[in-house]
$ cat final03.csv   # CSV, C-alpha atoms (C1' of nucleotides)
chain,number,residue,atom,x,y,z
F,1,MET,CA,-3.7,-33.3,-14.3
F,2,VAL,CA,-4.9,-34.7,-17.6
F,3,LYS,CA,-7.0,-32.4,-19.8
F,4,THR,CA,-10.5,-33.4,-20.8
F,5,ARG,CA,-9.7,-33.0,-24.4
F,6,ASP,CA,-6.8,-35.4,-24.2
F,7,ARG,CA,-8.8,-38.0,-22.2
F,8,ILE,CA,-11.5,-37.9,-25.0
F,9,LEU,CA,-8.9,-38.4,-27.7
F,10,GLU,CA,-7.2,-41.3,-25.9
F,11,ALA,CA,-10.5,-43.0,-25.3
F,12,THR,CA,-11.6,-42.5,-28.8
F,13,ALA,CA,-8.3,-43.8,-30.3
F,14,GLU,CA,-8.6,-46.9,-28.2
F,15,LEU,CA,-12.3,-47.5,-29.1
F,16,LEU,CA,-11.6,-46.9,-32.8
F,17,ARG,CA,-8.9,-49.5,-32.8
F,18,ARG,CA,-11.1,-52.1,-31.2
F,19,LYS,CA,-14.6,-51.4,-32.5
F,20,GLY,CA,-14.0,-49.3,-35.6
F,21,TYR,CA,-15.6,-46.0,-36.5
F,22,HIS,CA,-19.2,-47.0,-37.0
F,23,GLY,CA,-19.0,-49.5,-34.1
F,24,THR,CA,-18.0,-46.7,-31.7
F,25,GLY,CA,-20.7,-44.4,-30.3
F,26,LEU,CA,-20.2,-41.0,-28.8
F,27,LYS,CA,-21.9,-42.2,-25.7
F,28,GLN,CA,-19.3,-44.9,-25.3
F,29,ILE,CA,-16.6,-42.3,-25.7
F,30,VAL,CA,-18.0,-40.0,-23.0
F,31,LYS,CA,-18.3,-43.0,-20.7
F,32,ALA,CA,-14.8,-44.3,-21.3
F,33,SER,CA,-13.3,-40.9,-21.0
F,34,GLU,CA,-15.4,-39.9,-18.0
F,35,ALA,CA,-16.2,-36.6,-19.7
F,36,PRO,CA,-19.5,-34.8,-20.0
F,37,PHE,CA,-21.3,-35.2,-23.3
F,38,GLY,CA,-21.2,-31.6,-24.2
F,39,SER,CA,-17.4,-31.5,-23.9
F,40,ILE,CA,-17.1,-33.4,-27.2
F,41,TYR,CA,-18.9,-30.7,-29.1
F,42,HIS,CA,-17.0,-28.0,-27.1
F,43,HIS,CA,-13.6,-29.4,-28.1
F,44,PHE,CA,-14.6,-30.8,-31.4
F,45,PRO,CA,-17.3,-28.6,-33.0
F,46,GLY,CA,-17.2,-30.8,-36.1
F,47,GLY,CA,-18.7,-33.6,-34.1
F,48,LYS,CA,-17.8,-37.3,-34.5
F,49,GLU,CA,-16.0,-36.8,-37.8
F,50,GLU,CA,-13.6,-34.2,-36.5
F,51,LEU,CA,-13.0,-36.1,-33.3
F,52,GLY,CA,-12.4,-39.3,-35.3
F,53,ALA,CA,-9.9,-37.6,-37.6
F,54,GLU,CA,-8.0,-36.2,-34.6
F,55,ALA,CA,-8.0,-39.5,-32.8
F,56,ILE,CA,-6.5,-41.2,-35.9
F,57,ARG,CA,-3.6,-38.7,-35.8
F,58,VAL,CA,-3.1,-39.4,-32.1
F,59,ALA,CA,-3.0,-43.1,-32.6
F,60,GLY,CA,-0.6,-42.5,-35.5
F,61,ARG,CA,1.8,-40.6,-33.3
F,62,THR,CA,1.8,-43.4,-30.7
F,63,TYR,CA,2.8,-45.8,-33.4
F,64,ASN,CA,5.5,-43.4,-34.7
F,65,ALA,CA,7.1,-43.7,-31.4
F,66,LEU,CA,6.9,-47.5,-31.4
F,67,ILE,CA,8.4,-47.6,-34.9
F,68,GLN,CA,11.3,-45.4,-33.9
F,69,ALA,CA,11.8,-47.5,-30.8
F,70,PHE,CA,12.6,-50.5,-33.1
F,71,PHE,CA,14.3,-48.8,-36.0
F,72,GLU,CA,15.8,-45.4,-35.0
F,73,ASN,CA,18.9,-46.6,-33.2
F,74,ALA,CA,19.0,-50.2,-34.5
F,75,SER,CA,22.4,-51.6,-35.5
F,76,ASP,CA,21.0,-53.6,-38.4
F,77,ALA,CA,17.9,-52.9,-40.5
F,78,ALA,CA,17.2,-56.6,-41.1
F,79,GLU,CA,17.4,-57.4,-37.4
F,80,ALA,CA,15.2,-54.5,-36.5
F,81,THR,CA,12.6,-55.6,-39.1
F,82,ASN,CA,12.7,-59.1,-37.7
F,83,ALA,CA,12.2,-57.8,-34.1
F,84,PHE,CA,9.3,-55.6,-35.2
F,85,PHE,CA,7.3,-58.4,-36.9
F,86,ASP,CA,8.1,-60.7,-34.0
F,87,GLY,CA,6.8,-58.1,-31.6
F,88,ALA,CA,3.6,-57.6,-33.6
F,89,GLY,CA,3.0,-61.4,-33.5
F,90,VAL,CA,3.6,-61.5,-29.7
F,91,VAL,CA,1.1,-58.7,-29.1
F,92,LEU,CA,-1.4,-60.4,-31.3
F,93,GLU,CA,-1.2,-63.6,-29.3
F,94,MET,CA,-1.1,-61.9,-25.9
F,95,THR,CA,-4.3,-59.9,-26.7
F,96,ASP,CA,-6.2,-62.8,-28.4
F,97,TYR,CA,-5.8,-61.1,-31.7
F,98,GLU,CA,-7.4,-57.8,-30.7
F,99,ASP,CA,-4.5,-55.4,-30.8
F,100,ALA,CA,-3.3,-55.0,-34.3
F,101,CYS,CA,-3.0,-51.8,-36.4
F,102,PRO,CA,-4.7,-48.9,-34.5
F,103,ILE,CA,-6.1,-47.3,-37.7
F,104,ALA,CA,-6.5,-50.0,-40.4
F,105,THR,CA,-10.2,-50.8,-39.6
F,106,VAL,CA,-11.2,-47.2,-39.5
F,107,ALA,CA,-9.1,-46.4,-42.6
F,108,LEU,CA,-11.0,-48.9,-44.6
F,109,GLU,CA,-14.4,-47.9,-43.1
F,110,VAL,CA,-14.0,-44.2,-44.0
F,111,ALA,CA,-11.9,-44.4,-47.2
F,112,SER,CA,-15.0,-43.8,-49.4
F,113,VAL,CA,-17.2,-42.1,-46.8
F,114,SER,CA,-15.3,-39.3,-45.1
F,115,GLU,CA,-12.7,-37.2,-46.8
F,116,PRO,CA,-11.3,-35.6,-43.7
F,117,MET,CA,-10.8,-39.0,-42.0
F,118,ARG,CA,-9.5,-40.6,-45.2
F,119,ALA,CA,-6.9,-37.8,-45.4
F,120,ALA,CA,-6.0,-38.3,-41.7
F,121,SER,CA,-5.4,-42.0,-42.1
F,122,GLY,CA,-3.4,-41.3,-45.3
F,123,GLU,CA,-1.2,-38.9,-43.5
F,124,VAL,CA,-0.6,-41.3,-40.7
F,125,PHE,CA,0.5,-44.1,-43.1
F,126,GLU,CA,2.7,-41.6,-44.8
F,127,SER,CA,4.3,-40.6,-41.6
F,128,TRP,CA,5.1,-44.2,-40.7
F,129,ILE,CA,6.6,-44.7,-44.1
F,130,ASP,CA,8.7,-41.6,-43.7
F,131,ASP,CA,10.0,-42.7,-40.4
F,132,VAL,CA,11.1,-46.1,-41.7
F,133,THR,CA,12.5,-44.6,-44.9
F,134,ARG,CA,14.7,-42.3,-43.0
F,135,ASP,CA,15.8,-45.0,-40.6
F,136,PHE,CA,16.7,-47.3,-43.5
F,137,GLU,CA,18.8,-44.6,-45.1
F,138,THR,CA,20.6,-44.1,-41.8
F,139,LEU,CA,21.2,-47.8,-41.6
F,140,GLY,CA,23.0,-47.9,-44.9
F,141,MET,CA,20.3,-48.9,-47.4
F,142,PRO,CA,20.7,-47.3,-50.8
F,143,PRO,CA,18.4,-44.2,-50.6
F,144,GLU,CA,16.5,-44.9,-53.8
F,145,ARG,CA,15.2,-48.2,-52.4
F,146,CYS,CA,14.3,-47.2,-48.9
F,147,ARG,CA,10.8,-45.9,-49.5
F,148,ASP,CA,9.6,-48.8,-51.6
F,149,VAL,CA,10.9,-51.2,-49.1
F,150,ALA,CA,9.2,-49.4,-46.3
F,151,ILE,CA,5.9,-49.5,-48.2
F,152,GLU,CA,6.3,-53.2,-48.9
F,153,LEU,CA,6.9,-53.8,-45.2
F,154,LEU,CA,3.7,-51.9,-44.3
F,155,MET,CA,1.6,-53.7,-46.8
F,156,LEU,CA,2.9,-57.1,-45.5
F,157,ILE,CA,2.2,-56.3,-41.9
F,158,GLU,CA,-1.2,-54.9,-42.6
F,159,GLY,CA,-2.1,-57.9,-44.7
F,160,ALA,CA,-0.7,-60.1,-41.9
F,161,PHE,CA,-2.8,-58.4,-39.3
F,162,LEU,CA,-5.9,-59.0,-41.4
F,163,LEU,CA,-5.3,-62.7,-41.9
F,164,CYS,CA,-4.0,-63.3,-38.4
F,165,ARG,CA,-7.1,-61.8,-36.9
F,166,SER,CA,-9.5,-63.6,-39.2
F,167,TRP,CA,-7.7,-67.0,-38.7
F,168,LYS,CA,-6.7,-66.5,-35.1
F,169,SER,CA,-3.3,-67.7,-36.1
F,170,ILE,CA,0.1,-66.1,-36.2
F,171,GLU,CA,1.2,-68.1,-39.2
F,172,PRO,CA,0.7,-65.2,-41.6
F,173,MET,CA,2.7,-62.9,-39.4
F,174,LYS,CA,5.6,-65.4,-39.5
F,175,ILE,CA,5.5,-65.6,-43.3
F,176,ALA,CA,5.2,-61.8,-43.5
F,177,GLY,CA,8.2,-61.3,-41.1
F,178,SER,CA,10.3,-63.8,-43.0
F,179,ARG,CA,9.6,-62.1,-46.4
F,180,ALA,CA,10.1,-58.7,-44.9
F,181,VAL,CA,13.5,-59.6,-43.6
F,182,ASP,CA,14.5,-61.2,-46.9
F,183,THR,CA,13.5,-58.0,-48.7
F,184,VAL,CA,15.4,-55.7,-46.3
F,185,ARG,CA,18.5,-57.9,-46.5
F,186,ALA,CA,18.4,-58.0,-50.3
F,187,ALA,CA,17.9,-54.2,-50.4
F,188,LEU,CA,20.9,-53.6,-48.1
F,189,ILE,CA,23.3,-55.2,-50.6
F,190,PRO,CA,24.7,-52.6,-53.0
F,191,SER,CA,24.1,-53.7,-56.6
X,1,MET,CA,-36.9,-65.4,-61.6
X,2,VAL,CA,-34.5,-64.3,-58.9
X,3,LYS,CA,-35.3,-65.6,-55.4
X,4,THR,CA,-35.8,-63.0,-52.7
X,5,ARG,CA,-33.2,-64.6,-50.5
X,6,ASP,CA,-30.6,-64.3,-53.3
X,7,ARG,CA,-31.5,-60.7,-53.9
X,8,ILE,CA,-31.0,-59.9,-50.2
X,9,LEU,CA,-27.7,-61.7,-50.2
X,10,GLU,CA,-26.4,-59.9,-53.3
X,11,ALA,CA,-27.5,-56.5,-52.0
X,12,THR,CA,-25.9,-57.2,-48.6
X,13,ALA,CA,-22.6,-58.3,-50.0
X,14,GLU,CA,-22.4,-55.2,-52.1
X,15,LEU,CA,-23.3,-52.9,-49.2
X,16,LEU,CA,-20.9,-54.6,-46.9
X,17,ARG,CA,-18.0,-54.1,-49.3
X,18,ARG,CA,-18.7,-50.4,-49.7
X,19,LYS,CA,-20.0,-49.4,-46.3
X,20,GLY,CA,-18.8,-52.1,-43.9
X,21,TYR,CA,-20.8,-54.0,-41.4
X,22,HIS,CA,-21.7,-51.3,-38.9
X,23,GLY,CA,-22.1,-48.8,-41.7
X,24,THR,CA,-24.8,-50.9,-43.4
X,25,GLY,CA,-28.3,-50.9,-42.0
X,26,LEU,CA,-31.0,-53.5,-42.5
X,27,LYS,CA,-33.2,-50.8,-43.9
X,28,GLN,CA,-30.7,-50.0,-46.6
X,29,ILE,CA,-30.5,-53.7,-47.4
X,30,VAL,CA,-34.3,-54.1,-47.8
X,31,LYS,CA,-34.4,-50.9,-49.9
X,32,ALA,CA,-31.5,-52.1,-52.2
X,33,SER,CA,-32.9,-55.6,-52.6
X,34,GLU,CA,-36.5,-54.4,-52.9
X,35,ALA,CA,-37.5,-57.0,-50.4
X,36,PRO,CA,-40.0,-56.5,-47.5
X,37,PHE,CA,-38.4,-56.0,-44.1
X,38,GLY,CA,-39.8,-59.2,-42.7
X,39,SER,CA,-38.2,-61.3,-45.3
X,40,ILE,CA,-34.8,-60.8,-43.7
X,41,TYR,CA,-35.9,-62.5,-40.5
X,42,HIS,CA,-37.8,-65.1,-42.5
X,43,HIS,CA,-34.8,-66.2,-44.4
X,44,PHE,CA,-32.2,-65.3,-41.8
X,45,PRO,CA,-33.7,-66.0,-38.3
X,46,GLY,CA,-30.3,-65.1,-36.8
X,47,GLY,CA,-30.8,-61.5,-37.9
X,48,LYS,CA,-28.1,-59.2,-39.2
X,49,GLU,CA,-25.3,-61.4,-37.9
X,50,GLU,CA,-26.4,-64.5,-39.8
X,51,LEU,CA,-27.1,-62.5,-42.9
X,52,GLY,CA,-23.7,-60.9,-42.7
X,53,ALA,CA,-21.9,-64.2,-42.4
X,54,GLU,CA,-23.8,-65.6,-45.3
X,55,ALA,CA,-23.1,-62.5,-47.4
X,56,ILE,CA,-19.4,-62.8,-46.7
X,57,ARG,CA,-19.4,-66.3,-48.1
X,58,VAL,CA,-21.3,-65.1,-51.2
X,59,ALA,CA,-18.8,-62.4,-51.8
X,60,GLY,CA,-16.1,-64.9,-51.2
X,61,ARG,CA,-17.4,-67.2,-53.9
X,62,THR,CA,-17.6,-64.3,-56.4
X,63,TYR,CA,-13.9,-63.7,-55.8
X,64,ASN,CA,-13.1,-67.4,-56.1
X,65,ALA,CA,-14.4,-67.2,-59.6
X,66,LEU,CA,-12.3,-64.1,-60.4
X,67,ILE,CA,-9.2,-65.7,-59.0
X,68,GLN,CA,-9.7,-68.8,-61.1
X,69,ALA,CA,-10.3,-66.7,-64.2
X,70,PHE,CA,-6.8,-65.3,-63.8
X,71,PHE,CA,-4.9,-68.4,-62.5
X,72,GLU,CA,-6.7,-71.6,-63.4
X,73,ASN,CA,-5.8,-71.9,-67.0
X,74,ALA,CA,-2.8,-69.5,-67.1
X,75,SER,CA,0.3,-70.5,-69.0
X,76,ASP,CA,2.7,-68.9,-66.5
X,77,ALA,CA,2.2,-68.2,-62.8
X,78,ALA,CA,4.2,-65.0,-62.8
X,79,GLU,CA,2.3,-63.6,-65.8
X,80,ALA,CA,-1.0,-64.4,-64.2
X,81,THR,CA,0.1,-62.7,-61.0
X,82,ASN,CA,1.1,-59.6,-62.9
X,83,ALA,CA,-2.2,-59.5,-64.7
X,84,PHE,CA,-4.1,-60.0,-61.4
X,85,PHE,CA,-2.4,-57.1,-59.6
X,86,ASP,CA,-2.6,-54.9,-62.7
X,87,GLY,CA,-6.3,-55.6,-62.9
X,88,ALA,CA,-6.8,-54.8,-59.2
X,89,GLY,CA,-5.2,-51.4,-59.9
X,90,VAL,CA,-7.3,-50.7,-62.9
X,91,VAL,CA,-10.5,-51.4,-61.0
X,92,LEU,CA,-9.4,-49.2,-58.1
X,93,GLU,CA,-8.8,-46.3,-60.5
X,94,MET,CA,-12.0,-46.9,-62.4
X,95,THR,CA,-14.1,-46.8,-59.3
X,96,ASP,CA,-12.3,-43.9,-57.6
X,97,TYR,CA,-10.8,-46.3,-55.1
X,98,GLU,CA,-14.1,-47.7,-53.9
X,99,ASP,CA,-13.9,-51.3,-55.2
X,100,ALA,CA,-11.2,-53.2,-53.4
X,101,CYS,CA,-11.4,-56.4,-51.4
X,102,PRO,CA,-15.1,-57.3,-50.8
X,103,ILE,CA,-14.6,-58.5,-47.3
X,104,ALA,CA,-11.5,-56.9,-45.8
X,105,THR,CA,-13.4,-54.0,-44.1
X,106,VAL,CA,-16.0,-56.3,-42.6
X,107,ALA,CA,-13.3,-58.9,-41.6
X,108,LEU,CA,-11.5,-56.3,-39.5
X,109,GLU,CA,-14.7,-54.8,-38.0
X,110,VAL,CA,-16.0,-58.2,-36.8
X,111,ALA,CA,-12.8,-60.0,-36.0
X,112,SER,CA,-13.1,-59.4,-32.3
X,113,VAL,CA,-16.8,-58.8,-32.1
X,114,SER,CA,-18.7,-61.7,-33.9
X,115,GLU,CA,-17.4,-65.2,-33.9
X,116,PRO,CA,-19.7,-66.5,-36.7
X,117,MET,CA,-18.7,-63.6,-39.0
X,118,ARG,CA,-15.0,-63.9,-38.1
X,119,ALA,CA,-15.2,-67.6,-39.0
X,120,ALA,CA,-16.9,-66.8,-42.2
X,121,SER,CA,-14.2,-64.3,-43.3
X,122,GLY,CA,-11.5,-66.7,-42.2
X,123,GLU,CA,-13.0,-69.4,-44.4
X,124,VAL,CA,-13.2,-67.1,-47.4
X,125,PHE,CA,-9.6,-66.1,-47.1
X,126,GLU,CA,-8.7,-69.8,-46.7
X,127,SER,CA,-10.6,-70.7,-49.9
X,128,TRP,CA,-8.9,-68.0,-51.9
X,129,ILE,CA,-5.5,-69.3,-50.7
X,130,ASP,CA,-6.5,-72.9,-51.5
X,131,ASP,CA,-7.4,-71.8,-55.1
X,132,VAL,CA,-4.1,-70.1,-55.7
X,133,THR,CA,-2.2,-72.8,-54.0
X,134,ARG,CA,-3.7,-75.5,-56.3
X,135,ASP,CA,-3.2,-73.3,-59.4
X,136,PHE,CA,0.5,-72.7,-58.6
X,137,GLU,CA,1.0,-76.4,-58.1
X,138,THR,CA,-0.6,-77.0,-61.5
X,139,LEU,CA,1.7,-74.3,-63.0
X,140,GLY,CA,4.8,-76.1,-61.9
X,141,MET,CA,5.7,-74.4,-58.6
X,142,PRO,CA,7.3,-76.7,-56.1
X,143,PRO,CA,4.3,-77.8,-53.9
X,144,GLU,CA,5.9,-77.1,-50.6
X,145,ARG,CA,6.2,-73.4,-51.6
X,146,CYS,CA,2.8,-72.8,-53.1
X,147,ARG,CA,0.8,-72.0,-50.0
X,148,ASP,CA,3.3,-69.6,-48.4
X,149,VAL,CA,3.6,-67.8,-51.7
X,150,ALA,CA,-0.2,-67.6,-52.0
X,151,ILE,CA,-0.5,-66.2,-48.5
X,152,GLU,CA,2.2,-63.6,-49.3
X,153,LEU,CA,0.4,-62.5,-52.4
X,154,LEU,CA,-2.8,-62.1,-50.4
X,155,MET,CA,-1.1,-60.1,-47.7
X,156,LEU,CA,0.5,-57.8,-50.3
X,157,ILE,CA,-2.7,-57.1,-52.2
X,158,GLU,CA,-4.7,-56.5,-49.0
X,159,GLY,CA,-2.1,-54.2,-47.7
X,160,ALA,CA,-2.0,-52.5,-51.1
X,161,PHE,CA,-5.8,-52.0,-51.1
X,162,LEU,CA,-5.6,-50.3,-47.7
X,163,LEU,CA,-2.8,-47.9,-48.7
X,164,CYS,CA,-4.2,-47.2,-52.2
X,165,ARG,CA,-7.6,-46.3,-50.8
X,166,SER,CA,-6.1,-44.2,-48.0
X,167,TRP,CA,-3.8,-42.3,-50.4
X,168,LYS,CA,-6.0,-42.4,-53.4
X,169,SER,CA,-3.0,-43.6,-55.3
X,170,ILE,CA,-2.1,-46.8,-57.1
X,171,GLU,CA,1.6,-46.5,-56.3
X,172,PRO,CA,1.3,-49.2,-53.5
X,173,MET,CA,-0.4,-51.6,-55.9
X,174,LYS,CA,2.4,-51.2,-58.4
X,175,ILE,CA,5.0,-51.9,-55.7
X,176,ALA,CA,2.9,-54.9,-54.4
X,177,GLY,CA,2.5,-56.3,-57.9
X,178,SER,CA,6.2,-56.0,-58.7
X,179,ARG,CA,7.1,-57.7,-55.5
X,180,ALA,CA,4.5,-60.4,-56.0
X,181,VAL,CA,5.8,-61.2,-59.4
X,182,ASP,CA,9.4,-61.3,-58.1
X,183,THR,CA,8.3,-63.8,-55.4
X,184,VAL,CA,6.4,-66.0,-57.8
X,185,ARG,CA,9.2,-66.0,-60.3
X,186,ALA,CA,11.8,-66.9,-57.6
X,187,ALA,CA,9.5,-69.7,-56.3
X,188,LEU,CA,9.1,-71.2,-59.7
X,189,ILE,CA,12.9,-71.9,-60.0
X,190,PRO,CA,13.7,-75.4,-58.6
X,191,SER,CA,16.4,-75.1,-56.0
Y,1,DG,C1',-45.4,-66.9,-46.0
Y,2,DT,C1',-45.5,-61.9,-47.5
Y,3,DC,C1',-45.5,-57.7,-45.9
Y,4,DT,C1',-46.6,-53.5,-42.5
Y,5,DA,C1',-46.4,-51.2,-38.4
Y,6,DT,C1',-44.2,-50.4,-34.5
Y,7,DA,C1',-41.6,-51.4,-30.4
Y,8,DG,C1',-37.5,-50.4,-27.7
Y,9,DA,C1',-32.7,-49.2,-27.7
Y,10,DA,C1',-28.9,-46.5,-29.3
Y,11,DG,C1',-27.2,-43.4,-32.6
Y,12,DG,C1',-25.5,-38.2,-33.3
Y,13,DA,C1',-26.5,-33.6,-32.2
Y,14,DT,C1',-28.3,-29.4,-29.7
Y,15,DA,C1',-30.3,-26.1,-26.4
Y,16,DG,C1',-29.8,-23.9,-22.5
Y,17,DA,C1',-29.4,-24.1,-17.2
Y,18,DC,C1',-26.0,-22.8,-14.1
H,1,DG,C1',-17.3,-23.1,-20.3
H,2,DT,C1',-19.1,-27.2,-17.7
H,3,DC,C1',-22.5,-30.1,-17.7
H,4,DT,C1',-27.5,-32.0,-18.2
H,5,DA,C1',-31.6,-32.9,-20.4
H,6,DT,C1',-33.7,-33.8,-24.4
H,7,DC,C1',-34.5,-33.9,-29.5
H,8,DC,C1',-34.9,-36.4,-33.7
H,9,DT,C1',-33.2,-40.0,-36.4
H,10,DT,C1',-31.7,-44.6,-37.2
H,11,DC,C1',-30.8,-48.9,-35.5
H,12,DT,C1',-32.3,-54.0,-34.9
H,13,DA,C1',-36.0,-56.8,-33.9
H,14,DT,C1',-40.8,-58.4,-33.4
H,15,DA,C1',-45.8,-58.8,-33.5
H,16,DG,C1',-49.4,-59.6,-36.1
H,17,DA,C1',-52.6,-58.3,-40.2
H,18,DC,C1',-53.6,-60.3,-44.4
$ encode --input "final03.csv" --output "structure tokens"
Amino acid sequence: MVKTRDRILEATAELLRRKGYHGTGLKQIVKASEAPFGSIYHHFPGGKEELGAEAIRVAGRTYNALIQAFFENASDAAEATNAFFDGAGVVLEMTDYEDACPIATVALEVASVSEPMRAASGEVFESWIDDVTRDFETLGMPPERCRDVAIELLMLIEGAFLLCRSWKSIEPMKIAGSRAVDTVRAALIPS
Amino acid sequence: MVKTRDRILEATAELLRRKGYHGTGLKQIVKASEAPFGSIYHHFPGGKEELGAEAIRVAGRTYNALIQAFFENASDAAEATNAFFDGAGVVLEMTDYEDACPIATVALEVASVSEPMRAASGEVFESWIDDVTRDFETLGMPPERCRDVAIELLMLIEGAFLLCRSWKSIEPMKIAGSRAVDTVRAALIPS
DNA sequence: GTCTATAGAAGGATAGAC
DNA sequence: GTCTATCCTTCTATAGAC
């Protein structure tokens, strides 16, 4: 049995990714989650803002798992990077450029508008960076480089998501993936 | 004398950058532009969507000018790149991380929702890429590399804007700038 | 053709029945 | 404590006065 609260969070995370924060209504959320309207305010007294912040964290954890699936037990950091960017491109094409980063749209929308939601998105990005940083350390990259490389990869893929969706083309993702692999490969070589 | 239509477009472009598409109401636009409500539908019969698409193009042209100010008559492509990323970081800090890309938020919001606005944002990104590509050719970069380098720079700065705003930190912009300069410098060397 | 008033729907939030 | 009915605001859009 799936708890009402979890259904609400799942539905919200999904709607936020596709429609953004201001594009998602509470009424859509109750419809999608098949929950009564009052349940939102029972479980999230802070209203839409509290629900949104929590949904961002839920979406973030889903992606933590995806990241770890590619990087945690990889044999080579560069190969894992290549597979990750390739996979992102495949998903983009399969979903007609709808499924990209689950929180980027919301993060930009709320950055200067809602401090709790900005903080939530910041923590999610940080947790992704932490995952990749640790994985790169495990995979033999010099520790002092790991975090910067992880941040560069995240910037490249977020930029690629933006351009790919706006152009309906995976060309940017191919360029981003190629550059990401170059960076990882270079960082792996001890200086 | 400034035409009503232009005032509406300027106000819309500014609001879209700060609040996004769904976060900006037509009533805010008429208030900010000091125009009567009916004027919007007089000048933009297609309503908010047509106005939004046009405002995206206006914002795009403003940035075309900014890009050219840095790259068009530069003496060195790498130096110009460095100055551009530095400048972006300075503006972010000065505006408490509010002023970043004028169209990124809207582009993500509308990518899967409004075809006319998606097309407009795609054209704007394309025009920025075209500018930088031409400038790099002029500055001596091998022509076959210019476009890919320009796209990489755009992805890096868009990713940096996202992370900088979510973290309220310019660390990502510094990393992005550093990597961008490295890429440009490497591309300038004939192989 | 400039501007006001208002329609009609959807937004977030709340009160209170059960 | 689950759920419904409803409140008030804001949204986009339009009708029509001047």
$ atom_distance --input "final03.csv" --atom1 "C1' of DA5 (chain Y)" --atom2 "C1' of DT14 (chain H)"
10.4 Å
$ closest_residue --input "final03.csv" --among "F:His43, F:Arg17, F:Arg145, F:Arg61" --to "DT2 (chain H)" --atoms "all atoms listed in the file"
F:His43
$ interface_residues --input "final03.csv" --of "chain Y" --to "chain F" --cutoff "9 Å" --atoms "only C-alpha atoms (C1' of nucleotides)" --output "list in words"
DA10, DG11, DG12 and DA13 of chain Y
$ write_last_selection --input "final03.csv" --atoms "C-alpha atoms (C1' of nucleotides)" --output "PDB file, in the frame of the given file"
ATOM      1  C1'  DA Y  10     -28.900 -46.500 -29.300  1.00  0.00           C
ATOM      2  C1'  DG Y  11     -27.200 -43.400 -32.600  1.00  0.00           C
ATOM      3  C1'  DG Y  12     -25.500 -38.200 -33.300  1.00  0.00           C
ATOM      4  C1'  DA Y  13     -26.500 -33.600 -32.200  1.00  0.00           C
TER       5       DA Y  13
END
$ closest_residue --input "final03.csv" --among "X:Ser178, X:Pro36, X:Ala11, X:Val2" --to "DG1 (chain Y)" --atoms "only C-alpha atoms (C1' of nucleotides)"
X:Pro36
$ closest_atom_pairs --input "final03.csv" --of "chain F" --to "chain X" --cutoff "7 Å" --atoms "only C-alpha atoms" --output "CSV"
residue,atom,partner,partner_atom,distance
F:Lys19,CA,X:Glu109,CA,6.5
F:Gly20,CA,X:Glu109,CA,6.0
F:His22,CA,X:His22,CA,5.3
F:Gly23,CA,X:His22,CA,5.8
F:Glu98,CA,X:Ser112,CA,6.1
F:Thr105,CA,X:Leu108,CA,5.7
F:Ala107,CA,X:Ser166,CA,6.6
F:Leu108,CA,X:Thr105,CA,5.7
F:Glu109,CA,X:Gly20,CA,6.1
F:Ala111,CA,X:Ser166,CA,5.9
F:Ser112,CA,X:Glu98,CA,6.0
F:Arg118,CA,X:Ser166,CA,5.7
F:Ala119,CA,X:Ser166,CA,7.0
F:Ser121,CA,X:Ser166,CA,6.3
F:Gly122,CA,X:Ser166,CA,4.8
F:Asp148,CA,X:Ile175,CA,6.9
F:Glu152,CA,X:Ala176,CA,6.7
F:Met155,CA,X:Gly159,CA,3.8
F:Leu156,CA,X:Leu156,CA,5.4
F:Glu158,CA,X:Gly159,CA,5.2
F:Gly159,CA,X:Met155,CA,3.9
F:Ala160,CA,X:Met155,CA,5.8
F:Leu162,CA,X:Leu108,CA,6.5
F:Arg165,CA,X:Ala111,CA,6.0
F:Ser166,CA,X:Gly122,CA,4.8
F:Trp167,CA,X:Gly122,CA,5.2
F:Ile175,CA,X:Asp148,CA,6.8
F:Ala176,CA,X:Glu152,CA,6.8
$ interface_residues --input "final03.csv" --of "chain H" --to "chain F" --cutoff "10 Å" --atoms "all atoms listed in the file" --output "PyMOL selection string"
chain H and resi 1-4
$ residues_near_point --input "final03.csv" --point "(18.7, -45.9, -39.7)" --cutoff "10 Å" --atoms "all atoms listed in the file" --output "ChimeraX atom specification"
/F:68,71-77,80,131-141
$ atom_distance --input "final03.csv" --atom1 "CA of Glu14 (chain F)" --atom2 "C1' of DT6 (chain H)"
28.6 Å
$ residues_around --input "final03.csv" --residues "DG8 (chain Y)" --least-positions-apart "2" --cutoff "10 Å" --atoms "all atoms listed in the file" --output "NGL selection string"
(:Y and (6 or 10)) or (:H and (12-13))
$ atom_distance --input "final03.csv" --atom1 "CA of Phe44 (chain F)" --atom2 "C1' of DA9 (chain Y)"
26.1 Å
$ residues_around --input "final03.csv" --residues "region 81-85 of chain X" --least-positions-apart "3" --cutoff "7 Å" --atoms "only C-alpha atoms (C1' of nucleotides)" --output "list in words"
Phe70, Ala77, Ala78, Ala88, Gly89, Met173, Gly177 and Val181 of chain X
